[in-house]
Amino acid sequence: MIKIFLAAVFGVTALGASPALADIKIGTAGPLSNAEALFGNTWQNGMQLAVNEANAAGGINGQKLVLVRQDDQGDPKQGTLLAQKFCDDDGVLAVIANFNSGVTIPSSDVYNRCGLPQVTNSSNPKVTQAGYDNLFRPIANDFMQGGAPAAYALKTLGAKKAAIVQDKQAFGDGVATVFRQTFEKGGGQVTSYSGVAATDVDFSAVITRIKTENPDVVYYGGTMPGVGLFLKQLRELGVKSTFFAADPAFLPDLITTAGPANAAGAIISFQAPPYDSSPKLMQFKTDYKKAFNDDPGPYSAYGYNEAAIIIAAMKRAGTSVTRESIVKELHNTKFDGLMGPVEFDDKGELKSPSLFLYKVKGNDFTLEWPKS
Amino acid sequence: MLPSRTRRSLQRIKPVVTSFLIQQLVNALTIGAIYALIALGYTMVYGVLRLINFAHSEMFMVGGHVAFFLFAASASLSGSALGVLVTLGVFAATFVVVGLLGVGIEEAAYRPLRRASRLAPMLSALGVAIVLQNAVMLFVSRRPLPFPAFLPPISFSVVGAVVTLDQIFIVVFAVALMVTLAWFVNGTTLGVKIRAVSENPRTAQLLGIDVNTPIRLIFFIGPGLGALAGILYASYYGIVVFSMGFVVGLKAFIAAILGGIGSISGAMLGGFVLGVLETFGAGLLPKLTNGVIGSEYRDIFAFSVLVLVLIFRPAGFLGEVVTEEGMVYKRDF
Amino acid sequence: MTSEATSRAVSIDPGGKIHWLGRVRAAAVIVAMLVALVYFVPSLPTYYVRIIDMVLIYLLLATGLNMVVGYAGLLDLGFIAFYAIGAYSYALLASGQFDIHLPFGPILVVGGGLAGMAGVLLGIPVLRLRGDYLAIVTLGFGEIIRLLMNNLVSVTNGPQGISRIDQPFLFGFPLKTPRDFFFILLPIAIFAVTLAWRLECSILGLGWAAIREDQDAARGIGINTTLAKLLAFGLSATLGGFAGVIFAAFQRFVDPVSFSFWESLTIVLIIVIGGVGNLVGVVVGAAVLIVVPELLREYSEYRMLLYGCALVAIILVRPGGIVGRHHNPAWIMQKLGWR
C-alpha cells in the first residue's frame, strides 16, 4: 500500500516538474468555488488585467508574466498547502494571497519561512500582527472600514441610535465590532448587536426586532448575497433607518438583489475613488469590461492594484529579479496606484489608506464622502 | 384595579407585542412551508430507499435556476408581465425538467448501488451534489440572479403585522401540494405500489410489482417538489444563486427527521415546527433574555430542541418505532 | 461472520506452532518500510511533506471515526466536534488568548481527554437512537460545538479565531516545519492504527461487530451494549482530540471555519471510499481524499467539479470501498509471512 502511494507521489513529482524558466510566475490564492466564488474570481480577474497589460508592454526584462490562479476555498488548511506549493516552485517570485483573513494568517507563516513576497487583500488587523518583513497590505484594514461609516453617521447624520447586524464571519465580525466601538465612543447608543449566519436568506426575525428599536442607523457587517437580501427585507418590513454596509456590497448585484427602490439611499464603503473620477479608473473599467464581458467586481480594482504594485517592484529590481529583491523593492514602493497613493510603513501597512462612502442612487453608486 | 397610567401604557404595549408575535408567526409559517416542501422530497426517498439524498438540496437550487431562465424566456417572448397561464406553465415545466433530472441521477448514481451498503448511495449523492453545485456555478452563473416575483406586492395589515400575498400563497400552495401528494400515495394504484415497495421491496417483487417504476416515480416527484419549493423560495426572497441549496437542504432534512422520517404528514409538521423554532430562536430569545442570548444562537437552539425531541421520541414526532435490521422508520406510504 | 472472525484472528496452526521465520521476515519488511519512509519522505519538497502530514492527521481522524462507524456501526456525522475540542484546547492553553502557555505534551493528553469525555457525554443521550436518527443527532452535536466556538467570543474569539498560537516543543525540540511534524505524526499514526487493530481483534471489537450486525441480538446474548457504545464514542473521540491538538500546533491558528459539517462528511467519505471497517481502507482513503484534490490543482476553478465526478466514479466502481473487506491488516501480515 505504501509502495503504491510512494509511486503515485513519484508520478506527481514527474508531472509537476516545471520546465526551464522563461516565465515569471505570480501566484494567487482565493475562494474560487465556495459561496464567495464571485469575489475570488473577479478579484483574480483584476490581477489578470494588470498582468496582461504588463506583458503587452514587454514583460519584465523580456520575460513573460504568468498569473497562477489557485482555489483555497476560504479554508486555512488549503491556504497553507497552496502556500507551500508556491514556496516550493522556484518560478513563483511573488504571491497575492489570501482573500480571507483567516486563511492569510496561517499562510503568512509559511510564506515568511520561504521569503516569498506576499501582498494580501485581507483586512483584519491581526494579519500584520506578526510584523513579517515580506508581508504587505495595500488596502485599508477593518479599523478604517468599520470606523469611517460610524464617524460619518455620528457627525454628518447626527445619528444617536444604531442597530448592528453581522454575519459571524471574520470580516463581518471585524468591521461590525469596529463600527460598534467607534459609534459608542462617539456617544452613540447601540440598540442591538445581532448575529446571523452568512448563508441566511431570511432575516425577518431579526428585522422585526430591530423595527421595535427604531434606530437611526442600521449597519450590516457581512457579504453578498446576505447584504442585498437583508436590505430588501429591511425596507419591506418598513424600517426606514439609514443603511450602511462594507465593500462586498459595492456591486450592481446589491441593487438588483434588493431592488432599486429598496436600495436607494444605502451607504456602502469602498476603497477606490469613483470609476469616473480619473482617466486611469475609467480606462480600468473599460478594459475590464472588454476582457471579461462584465462589470468589475467589488475587488477587481483591488486585485489590479495589488498586481500593479508587485509588477512595479519587479521593474525597479532591475536585472536581478528574485524573491529577496522584490521584497526590498516593495518596501520602497512609492507610486500612485489605481486606488490612490501606495506607500508602506515598516509593518507592511498602507501609510495613507483611503476610504470612500458611496450612496446608492437609482442603479448606480454616487460618491457621498469625502466630497472632494 | 391598576392605576390609569399603567393601564394606558399596558394598552399601548399589548398591540405592539401582539403585532410582533403575529409578524414572527407569519415569518415562521412561510419559511416553514418551504422547509416542509423540501422535506417531502427527502422523506419520500428515504422511506423507500433508506437513502439520505444529499443531492436533493441541489434539485431545489437547480429548480430555481431552471424557472429563472424559463421566466426570462417567456418574458422576452410575450414581452410583458407574467400572466397566470405562463406562471403555471413555468411551474409545470420546471417540475418535469427537474423530475427527469432526478430520475436520471437515480439511474446513474444510485441504482447501481442498491445492493451495496447503506453509506455508499448516500456518499454518491454527496458527490452528485458537489457536481451539480459546481456545474451551475461554472456554467450558469456565479452571481445571484434576480428572480421575478410572479405575484403583485399586495400586503395586508393584520393587527399591525405585515402579511404579504406571497406569504399566503406559499403556505396555501405548499399545503395543497402536500395534501395532493398524500391523496396520491394513499388513494391511487401507483400510490399503493409505492407504499408496498417502501414496506418491503422483496415481498413486493414477489407479488409482481416491478420495483423500478415506483422508485422512478419517487425520484420524479420528490425532486420535482423540491424544484417547486425552489421557485417559491426564489420568488419570495428575490434571488437564486448556486450556493442556496446546501444549507436549506440540511435544514429541511432536519425538519423531516423531526417529524419522523418516512412520514409525509411528519415532513409537513417538521417543516412548520422548524420554521417556528428558528424564528423564535432568532427573534424572541434575544428579546426575552435582553440580548444575552443573541440571534446567532438560533441554530444552536434549533439543534438543541431537535436533540431533545429525539432523545425522548427517538423516531420523531409522528414516527413509529419499527425495528428492522437495526433501522428505524415510519412508513405511511 | 465466521470467516471474518477467522480472517481477523492471527492464524495459528492446529498444533499451535508459531512460525518464527515468517514473523521475523514480516517484522523486517515492516521495519525496512518504516526506515525508508523516515529516510525518504523528509527529502521530498516541503509541499509533499505537508500533504503527507495532512494525510496523517486525517488518518488519525478517520481511524477514530472508523471505530464508531466501521466497527460499531453507529453513523456519526458530527465527528468534527472532537477535532474542534482538541484544537481549541491547544489554542486556549498555549497562546496569548488567556496568556496560558502549557507545553505540547500535557496539552495532548488534556485535549484528548476532554474530547474523550465529550464523546462519552454525546454517547449517553443517544444510546436509544438508531440508524439515521443517530446520524442527525450527532450532526446536530457537531454543529452545536462549531456554533458555540463561533459565538462564545470572550472565550474563543469567535469567527476571528485564535492566532499566534505557541510553537510546540517536544523534549526540547521545536516543531516548526512540516518535516518536524512528520517525525511526530508518523509514530502517532502508527500507534493509533495499531491500537485500533488490537481493539478490533479484542473482545470489545467483537462486541462492536455484534452491535453492528444486530444490536438487539447482541443485547440478547449478554453483551453490554451500553458500555460498548460509550467506549466506541469515547475512544474515537479521544483520537479525534489528539488530531485536533496536533492540527492546532501545526497551523498555529484555529477558527471555526475548519470545523464545519463538510469536514465531518469528508472524514466519513474517507472511510467509505477506503473501505468501511477496514484499517487498510482507512489509510488508502485518507491518502486518496487528500491527494486527489491536490493533484487536480492545475484545473483551479474546475477542481471541485472534477472532484465530485471522481467521488461518484469511485463509489460506483468500488461500492464497498477501494480496499476489499478481507484485505485487512491480518491479511497483510499473513502476506508478509506472519503466522
# chains A, B, ... in the order shown; residues from 1 in each chain; ligands from 1

$ interface_residues --of "chain B" --to "chain A" --cutoff "10 Å" --atoms "only C-alpha atoms" --output "PyMOL selection string"
chain B and resi 16-17+19-21+23-28+31+133-134+137-138+141-147+153+161-164+233+236-248+278-284+286-287+290-291+293-299

$ interface_residues --of "chain A" --to "chain C" --cutoff "9 Å" --atoms "only C-alpha atoms" --output "ChimeraX atom specification"
/A:1-3,5,9,12-13,32-33,37,41,68-71,74-77,80-88,101-102,105-107,109-110,113,124,126,129-130,168-171,173-174,195

$ write_last_selection --atoms "C-alpha atoms" --output "PDB file, in the first residue's frame"
ATOM      1  CA  MET A   1       0.000   0.000   0.000  1.00  0.00           C
ATOM      2  CA  ILE A   2       2.704   2.407   0.994  1.00  0.00           C
ATOM      3  CA  LYS A   3       4.661   1.435  -2.079  1.00  0.00           C
ATOM      4  CA  PHE A   5       1.347   5.565  -2.570  1.00  0.00           C
ATOM      5  CA  VAL A   9       3.945  10.606  -5.269  1.00  0.00           C
ATOM      6  CA  VAL A  12       3.131  13.508  -9.344  1.00  0.00           C
ATOM      7  CA  THR A  13       6.652  14.860  -8.932  1.00  0.00           C
ATOM      8  CA  LEU A  32     -12.975  30.209  -6.262  1.00  0.00           C
ATOM      9  CA  SER A  33     -15.553  27.532  -5.625  1.00  0.00           C
ATOM     10  CA  ALA A  37     -16.654  32.351  -5.699  1.00  0.00           C
ATOM     11  CA  ASN A  41     -12.962  35.119  -9.304  1.00  0.00           C
ATOM     12  CA  VAL A  68      -1.128  31.237 -11.410  1.00  0.00           C
ATOM     13  CA  ARG A  69      -4.677  31.224 -10.083  1.00  0.00           C
ATOM     14  CA  GLN A  70      -5.483  28.773  -7.324  1.00  0.00           C
ATOM     15  CA  ASP A  71      -8.516  27.989  -5.220  1.00  0.00           C
ATOM     16  CA  GLY A  74     -11.543  30.060   2.168  1.00  0.00           C
ATOM     17  CA  ASP A  75     -10.118  27.082   4.057  1.00  0.00           C
ATOM     18  CA  PRO A  76      -6.967  27.674   6.132  1.00  0.00           C
ATOM     19  CA  LYS A  77      -5.854  24.100   5.561  1.00  0.00           C
ATOM     20  CA  THR A  80      -1.277  26.640   3.829  1.00  0.00           C
ATOM     21  CA  LEU A  81      -0.960  23.756   1.381  1.00  0.00           C
ATOM     22  CA  LEU A  82      -1.046  26.203  -1.507  1.00  0.00           C
ATOM     23  CA  ALA A  83       1.431  28.440   0.267  1.00  0.00           C
ATOM     24  CA  GLN A  84       3.861  25.562   0.494  1.00  0.00           C
ATOM     25  CA  LYS A  85       3.248  24.694  -3.131  1.00  0.00           C
ATOM     26  CA  PHE A  86       4.032  28.218  -4.256  1.00  0.00           C
ATOM     27  CA  CYS A  87       7.056  28.285  -1.971  1.00  0.00           C
ATOM     28  CA  ASP A  88       8.469  25.112  -3.490  1.00  0.00           C
ATOM     29  CA  SER A 101      -8.030  36.890   6.828  1.00  0.00           C
ATOM     30  CA  GLY A 102      -8.487  33.508   8.457  1.00  0.00           C
ATOM     31  CA  ILE A 105      -2.798  34.459   8.942  1.00  0.00           C
ATOM     32  CA  PRO A 106      -1.591  30.824   8.901  1.00  0.00           C
ATOM     33  CA  SER A 107      -0.383  31.081   5.293  1.00  0.00           C
ATOM     34  CA  ASP A 109       3.800  31.904   8.432  1.00  0.00           C
ATOM     35  CA  VAL A 110       4.631  29.641   5.507  1.00  0.00           C
ATOM     36  CA  ARG A 113       9.622  30.944   6.105  1.00  0.00           C
ATOM     37  CA  ASN A 124      -8.274  42.049   9.587  1.00  0.00           C
ATOM     38  CA  LYS A 126      -4.353  40.705  13.168  1.00  0.00           C
ATOM     39  CA  GLN A 129       0.469  41.462  13.882  1.00  0.00           C
ATOM     40  CA  ALA A 130       3.477  39.214  13.350  1.00  0.00           C
ATOM     41  CA  LYS A 168     -20.489  35.808  12.213  1.00  0.00           C
ATOM     42  CA  GLN A 169     -17.611  35.531   9.798  1.00  0.00           C
ATOM     43  CA  ALA A 170     -14.177  37.035  10.311  1.00  0.00           C
ATOM     44  CA  PHE A 171     -14.746  40.013   8.012  1.00  0.00           C
ATOM     45  CA  ASP A 173     -17.498  40.399  12.681  1.00  0.00           C
ATOM     46  CA  GLY A 174     -14.376  42.532  12.334  1.00  0.00           C
ATOM     47  CA  GLY A 195     -25.549  37.788  14.673  1.00  0.00           C
TER      48      GLY A 195
END

$ residues_around --residues "stretch 366-371 of chain A" --least-positions-apart "2" --cutoff "7 Å" --atoms "only C-alpha atoms" --output "PDB file with C-alpha atoms, in the first residue's frame"
ATOM      1  CA  PRO A 274     -15.396  56.589  -8.338  1.00  0.00           C
ATOM      2  CA  PHE A 356     -14.876  56.366   0.379  1.00  0.00           C
ATOM      3  CA  LEU A 357     -18.555  56.209   1.192  1.00  0.00           C
ATOM      4  CA  TYR A 358     -20.935  55.757  -1.719  1.00  0.00           C
ATOM      5  CA  LYS A 359     -24.670  56.238  -1.755  1.00  0.00           C
ATOM      6  CA  VAL A 360     -26.975  54.185  -3.944  1.00  0.00           C
ATOM      7  CA  LYS A 361     -28.882  56.402  -6.380  1.00  0.00           C
ATOM      8  CA  ASP A 364     -25.602  53.266  -9.531  1.00  0.00           C
TER       9      ASP A 364
END

$ interface_residues --of "chain B" --to "chain C" --cutoff "7 Å" --atoms "only C-alpha atoms" --output "PyMOL selection string"
chain B and resi 112-113+116+120+123-124+127-128+130-131+134-135+257+300+303+307+311+314+325-328

$ atom_distance --atom1 "atom CA of C:Leu289" --atom2 "atom CA of C:Met333"
25.2 Å

$ residues_around --residues "C:Ala26" --least-positions-apart "5" --cutoff "9 Å" --atoms "only C-alpha atoms" --output "ChimeraX atom specification"
/C:21,31,333-338

$ residues_around --residues "B:Pro152" --least-positions-apart "4" --cutoff "12 Å" --atoms "only C-alpha atoms" --output "JSON, numbers by chain"
{"B": [81, 82, 83, 84, 148, 164, 165, 166, 167, 169, 235, 236]}

$ write_last_selection --atoms "N, CA and C atoms" --output "PDB file, in the first residue's frame"
ATOM      1  N   ALA B  81     -45.617  41.559 -18.609  1.00  0.00           N
ATOM      2  CA  ALA B  81     -45.649  40.903 -17.297  1.00  0.00           C
ATOM      3  C   ALA B  81     -46.172  39.481 -17.415  1.00  0.00           C
ATOM      4  N   LEU B  82     -45.973  38.712 -16.359  1.00  0.00           N
ATOM      5  CA  LEU B  82     -46.255  37.281 -16.422  1.00  0.00           C
ATOM      6  C   LEU B  82     -47.717  36.999 -16.128  1.00  0.00           C
ATOM      7  N   GLY B  83     -48.354  36.367 -17.055  1.00  0.00           N
ATOM      8  CA  GLY B  83     -49.733  36.004 -16.829  1.00  0.00           C
ATOM      9  C   GLY B  83     -49.824  34.743 -15.992  1.00  0.00           C
ATOM     10  N   VAL B  84     -51.034  34.454 -15.561  1.00  0.00           N
ATOM     11  CA  VAL B  84     -51.238  33.279 -14.711  1.00  0.00           C
ATOM     12  C   VAL B  84     -50.875  32.008 -15.469  1.00  0.00           C
ATOM     13  N   PRO B 148     -37.895  37.001 -10.664  1.00  0.00           N
ATOM     14  CA  PRO B 148     -39.092  37.833 -10.701  1.00  0.00           C
ATOM     15  C   PRO B 148     -40.122  37.383  -9.682  1.00  0.00           C
ATOM     16  N   THR B 164     -47.880  39.505   3.464  1.00  0.00           N
ATOM     17  CA  THR B 164     -47.932  39.724   2.019  1.00  0.00           C
ATOM     18  C   THR B 164     -48.649  38.587   1.322  1.00  0.00           C
ATOM     19  N   LEU B 165     -49.090  38.906   0.101  1.00  0.00           N
ATOM     20  CA  LEU B 165     -49.766  37.901  -0.709  1.00  0.00           C
ATOM     21  C   LEU B 165     -48.848  36.716  -0.965  1.00  0.00           C
ATOM     22  N   ASP B 166     -47.553  37.035  -1.187  1.00  0.00           N
ATOM     23  CA  ASP B 166     -46.532  35.992  -1.358  1.00  0.00           C
ATOM     24  C   ASP B 166     -46.611  34.942  -0.267  1.00  0.00           C
ATOM     25  N   GLN B 167     -46.615  35.441   0.947  1.00  0.00           N
ATOM     26  CA  GLN B 167     -46.545  34.526   2.083  1.00  0.00           C
ATOM     27  C   GLN B 167     -47.781  33.630   2.130  1.00  0.00           C
ATOM     28  N   PHE B 169     -49.680  32.836  -0.325  1.00  0.00           N
ATOM     29  CA  PHE B 169     -49.637  31.909  -1.459  1.00  0.00           C
ATOM     30  C   PHE B 169     -48.736  30.725  -1.155  1.00  0.00           C
ATOM     31  N   SER B 235     -38.707  33.216  -5.620  1.00  0.00           N
ATOM     32  CA  SER B 235     -39.612  34.333  -5.850  1.00  0.00           C
ATOM     33  C   SER B 235     -39.827  35.147  -4.585  1.00  0.00           C
ATOM     34  N   TYR B 236     -39.903  34.453  -3.456  1.00  0.00           N
ATOM     35  CA  TYR B 236     -40.166  35.143  -2.201  1.00  0.00           C
ATOM     36  C   TYR B 236     -38.983  35.997  -1.777  1.00  0.00           C
TER      37      TYR B 236
END

$ residues_around --residues "A:Pro353" --least-positions-apart "5" --cutoff "8 Å" --atoms "only C-alpha atoms" --output "PyMOL selection string"
chain A and resi 138-140

$ atom_distance --atom1 "atom CA of A:Pro117" --atom2 "atom CA of A:Ile310"
8.7 Å

$ select_by_dssp --residues "stretch 134-333 of chain C" --states "strand (DSSP E)" --output "PyMOL selection string"
chain C and resi 169-170+173-174

$ residues_around --residues "C:Ala192" --least-positions-apart "3" --cutoff "10 Å" --atoms "only C-alpha atoms" --output "list in words"
Leu59, Leu60, Leu61, Thr63, Gly64, Leu186, Pro187, Ile188, Ala189, Leu195, Ala196, Trp197, Arg198, Leu239 and Phe242 of chain C

$ write_last_selection --atoms "C-alpha atoms" --output "CSV table (one decimal), in the first residue's frame"
chain,number,residue,atom,x,y,z
C,59,LEU,CA,-5.7,9.2,9.0
C,60,LEU,CA,-5.9,9.8,12.8
C,61,LEU,CA,-9.3,11.2,12.5
C,63,THR,CA,-9.1,5.8,12.4
C,64,GLY,CA,-11.1,7.3,15.2
C,186,LEU,CA,4.2,9.1,11.8
C,187,PRO,CA,4.7,7.4,15.2
C,188,ILE,CA,1.4,8.7,16.5
C,189,ALA,CA,-0.4,7.5,13.4
C,195,LEU,CA,-4.3,0.5,18.8
C,196,ALA,CA,-7.4,0.3,16.6
C,197,TRP,CA,-6.3,-3.0,15.1
C,198,ARG,CA,-5.8,-4.5,18.6
C,239,LEU,CA,-8.3,10.1,18.8
C,242,PHE,CA,-5.3,14.2,19.5

$ decode --residues "stretch 195-265 of chain A" --atoms "C-alpha atoms" --output "mmCIF file, in the first residue's frame"
data_model
loop_
_atom_site.group_PDB
_atom_site.id
_atom_site.type_symbol
_atom_site.label_atom_id
_atom_site.label_comp_id
_atom_site.auth_asym_id
_atom_site.auth_seq_id
_atom_site.Cartn_x
_atom_site.Cartn_y
_atom_site.Cartn_z
ATOM 1 C CA GLY A 195 -25.549 37.788 14.673
ATOM 2 C CA VAL A 196 -26.904 35.996 11.638
ATOM 3 C CA ALA A 197 -25.427 33.237 9.543
ATOM 4 C CA ALA A 198 -23.683 34.161 6.298
ATOM 5 C CA THR A 199 -25.816 31.602 4.498
ATOM 6 C CA ASP A 200 -29.056 33.060 5.854
ATOM 7 C CA VAL A 201 -31.708 34.229 3.465
ATOM 8 C CA ASP A 202 -34.485 35.066 5.887
ATOM 9 C CA PHE A 203 -33.749 37.920 8.264
ATOM 10 C CA SER A 204 -37.334 38.691 9.131
ATOM 11 C CA ALA A 205 -36.961 37.604 12.742
ATOM 12 C CA VAL A 206 -34.038 39.917 13.410
ATOM 13 C CA ILE A 207 -35.516 42.792 11.408
ATOM 14 C CA THR A 208 -38.845 42.547 13.184
ATOM 15 C CA ARG A 209 -36.958 43.015 16.411
ATOM 16 C CA ILE A 210 -34.883 45.910 15.054
ATOM 17 C CA LYS A 211 -38.101 47.587 13.953
ATOM 18 C CA THR A 212 -39.224 47.829 17.564
ATOM 19 C CA GLU A 213 -35.963 49.570 18.484
ATOM 20 C CA ASN A 214 -36.397 52.407 15.990
ATOM 21 C CA PRO A 215 -32.704 53.033 15.302
ATOM 22 C CA ASP A 216 -31.446 55.957 13.215
ATOM 23 C CA VAL A 217 -28.921 53.773 11.503
ATOM 24 C CA VAL A 218 -28.591 50.074 10.696
ATOM 25 C CA TYR A 219 -25.139 48.638 9.979
ATOM 26 C CA TYR A 220 -24.740 45.244 8.320
ATOM 27 C CA GLY A 221 -21.294 43.670 8.578
ATOM 28 C CA GLY A 222 -21.227 40.924 6.006
ATOM 29 C CA THR A 223 -21.070 39.865 2.427
ATOM 30 C CA MET A 224 -23.288 39.254 -0.573
ATOM 31 C CA PRO A 225 -25.936 37.986 -1.106
ATOM 32 C CA GLY A 226 -26.736 38.457 2.573
ATOM 33 C CA VAL A 227 -26.434 42.242 2.412
ATOM 34 C CA GLY A 228 -28.797 42.582 -0.503
ATOM 35 C CA LEU A 229 -31.378 40.235 0.965
ATOM 36 C CA PHE A 230 -31.164 41.928 4.347
ATOM 37 C CA LEU A 231 -31.634 45.368 2.837
ATOM 38 C CA LYS A 232 -34.596 44.197 0.797
ATOM 39 C CA GLN A 233 -36.345 42.686 3.775
ATOM 40 C CA LEU A 234 -35.429 45.659 5.951
ATOM 41 C CA ARG A 235 -37.329 48.008 3.658
ATOM 42 C CA GLU A 236 -40.162 45.598 3.002
ATOM 43 C CA LEU A 237 -40.820 45.280 6.702
ATOM 44 C CA GLY A 238 -40.973 49.035 6.933
ATOM 45 C CA VAL A 239 -37.712 50.024 8.598
ATOM 46 C CA LYS A 240 -36.633 53.436 7.323
ATOM 47 C CA SER A 241 -33.257 53.826 9.082
ATOM 48 C CA THR A 242 -30.193 54.710 7.034
ATOM 49 C CA PHE A 243 -28.420 51.558 5.949
ATOM 50 C CA PHE A 244 -24.651 51.071 5.976
ATOM 51 C CA ALA A 245 -22.601 48.180 4.633
ATOM 52 C CA ALA A 246 -18.995 47.389 3.673
ATOM 53 C CA ASP A 247 -17.226 46.853 0.384
ATOM 54 C CA PRO A 248 -18.510 43.348 -0.523
ATOM 55 C CA ALA A 249 -21.764 45.200 -1.219
ATOM 56 C CA PHE A 250 -20.187 47.536 -3.746
ATOM 57 C CA LEU A 251 -21.514 45.872 -6.858
ATOM 58 C CA PRO A 252 -24.617 46.157 -9.032
ATOM 59 C CA ASP A 253 -25.923 42.901 -7.565
ATOM 60 C CA LEU A 254 -26.763 44.784 -4.397
ATOM 61 C CA ILE A 255 -29.229 46.912 -6.313
ATOM 62 C CA THR A 256 -30.660 44.041 -8.329
ATOM 63 C CA THR A 257 -30.993 41.814 -5.276
ATOM 64 C CA ALA A 258 -32.632 44.415 -3.070
ATOM 65 C CA GLY A 259 -34.476 46.226 -5.819
ATOM 66 C CA PRO A 260 -33.653 49.830 -6.773
ATOM 67 C CA ALA A 261 -36.459 51.219 -4.630
ATOM 68 C CA ASN A 262 -35.235 49.379 -1.554
ATOM 69 C CA ALA A 263 -31.567 50.003 -2.189
ATOM 70 C CA ALA A 264 -31.924 53.754 -2.668
ATOM 71 C CA GLY A 265 -30.056 55.733 -0.063
#
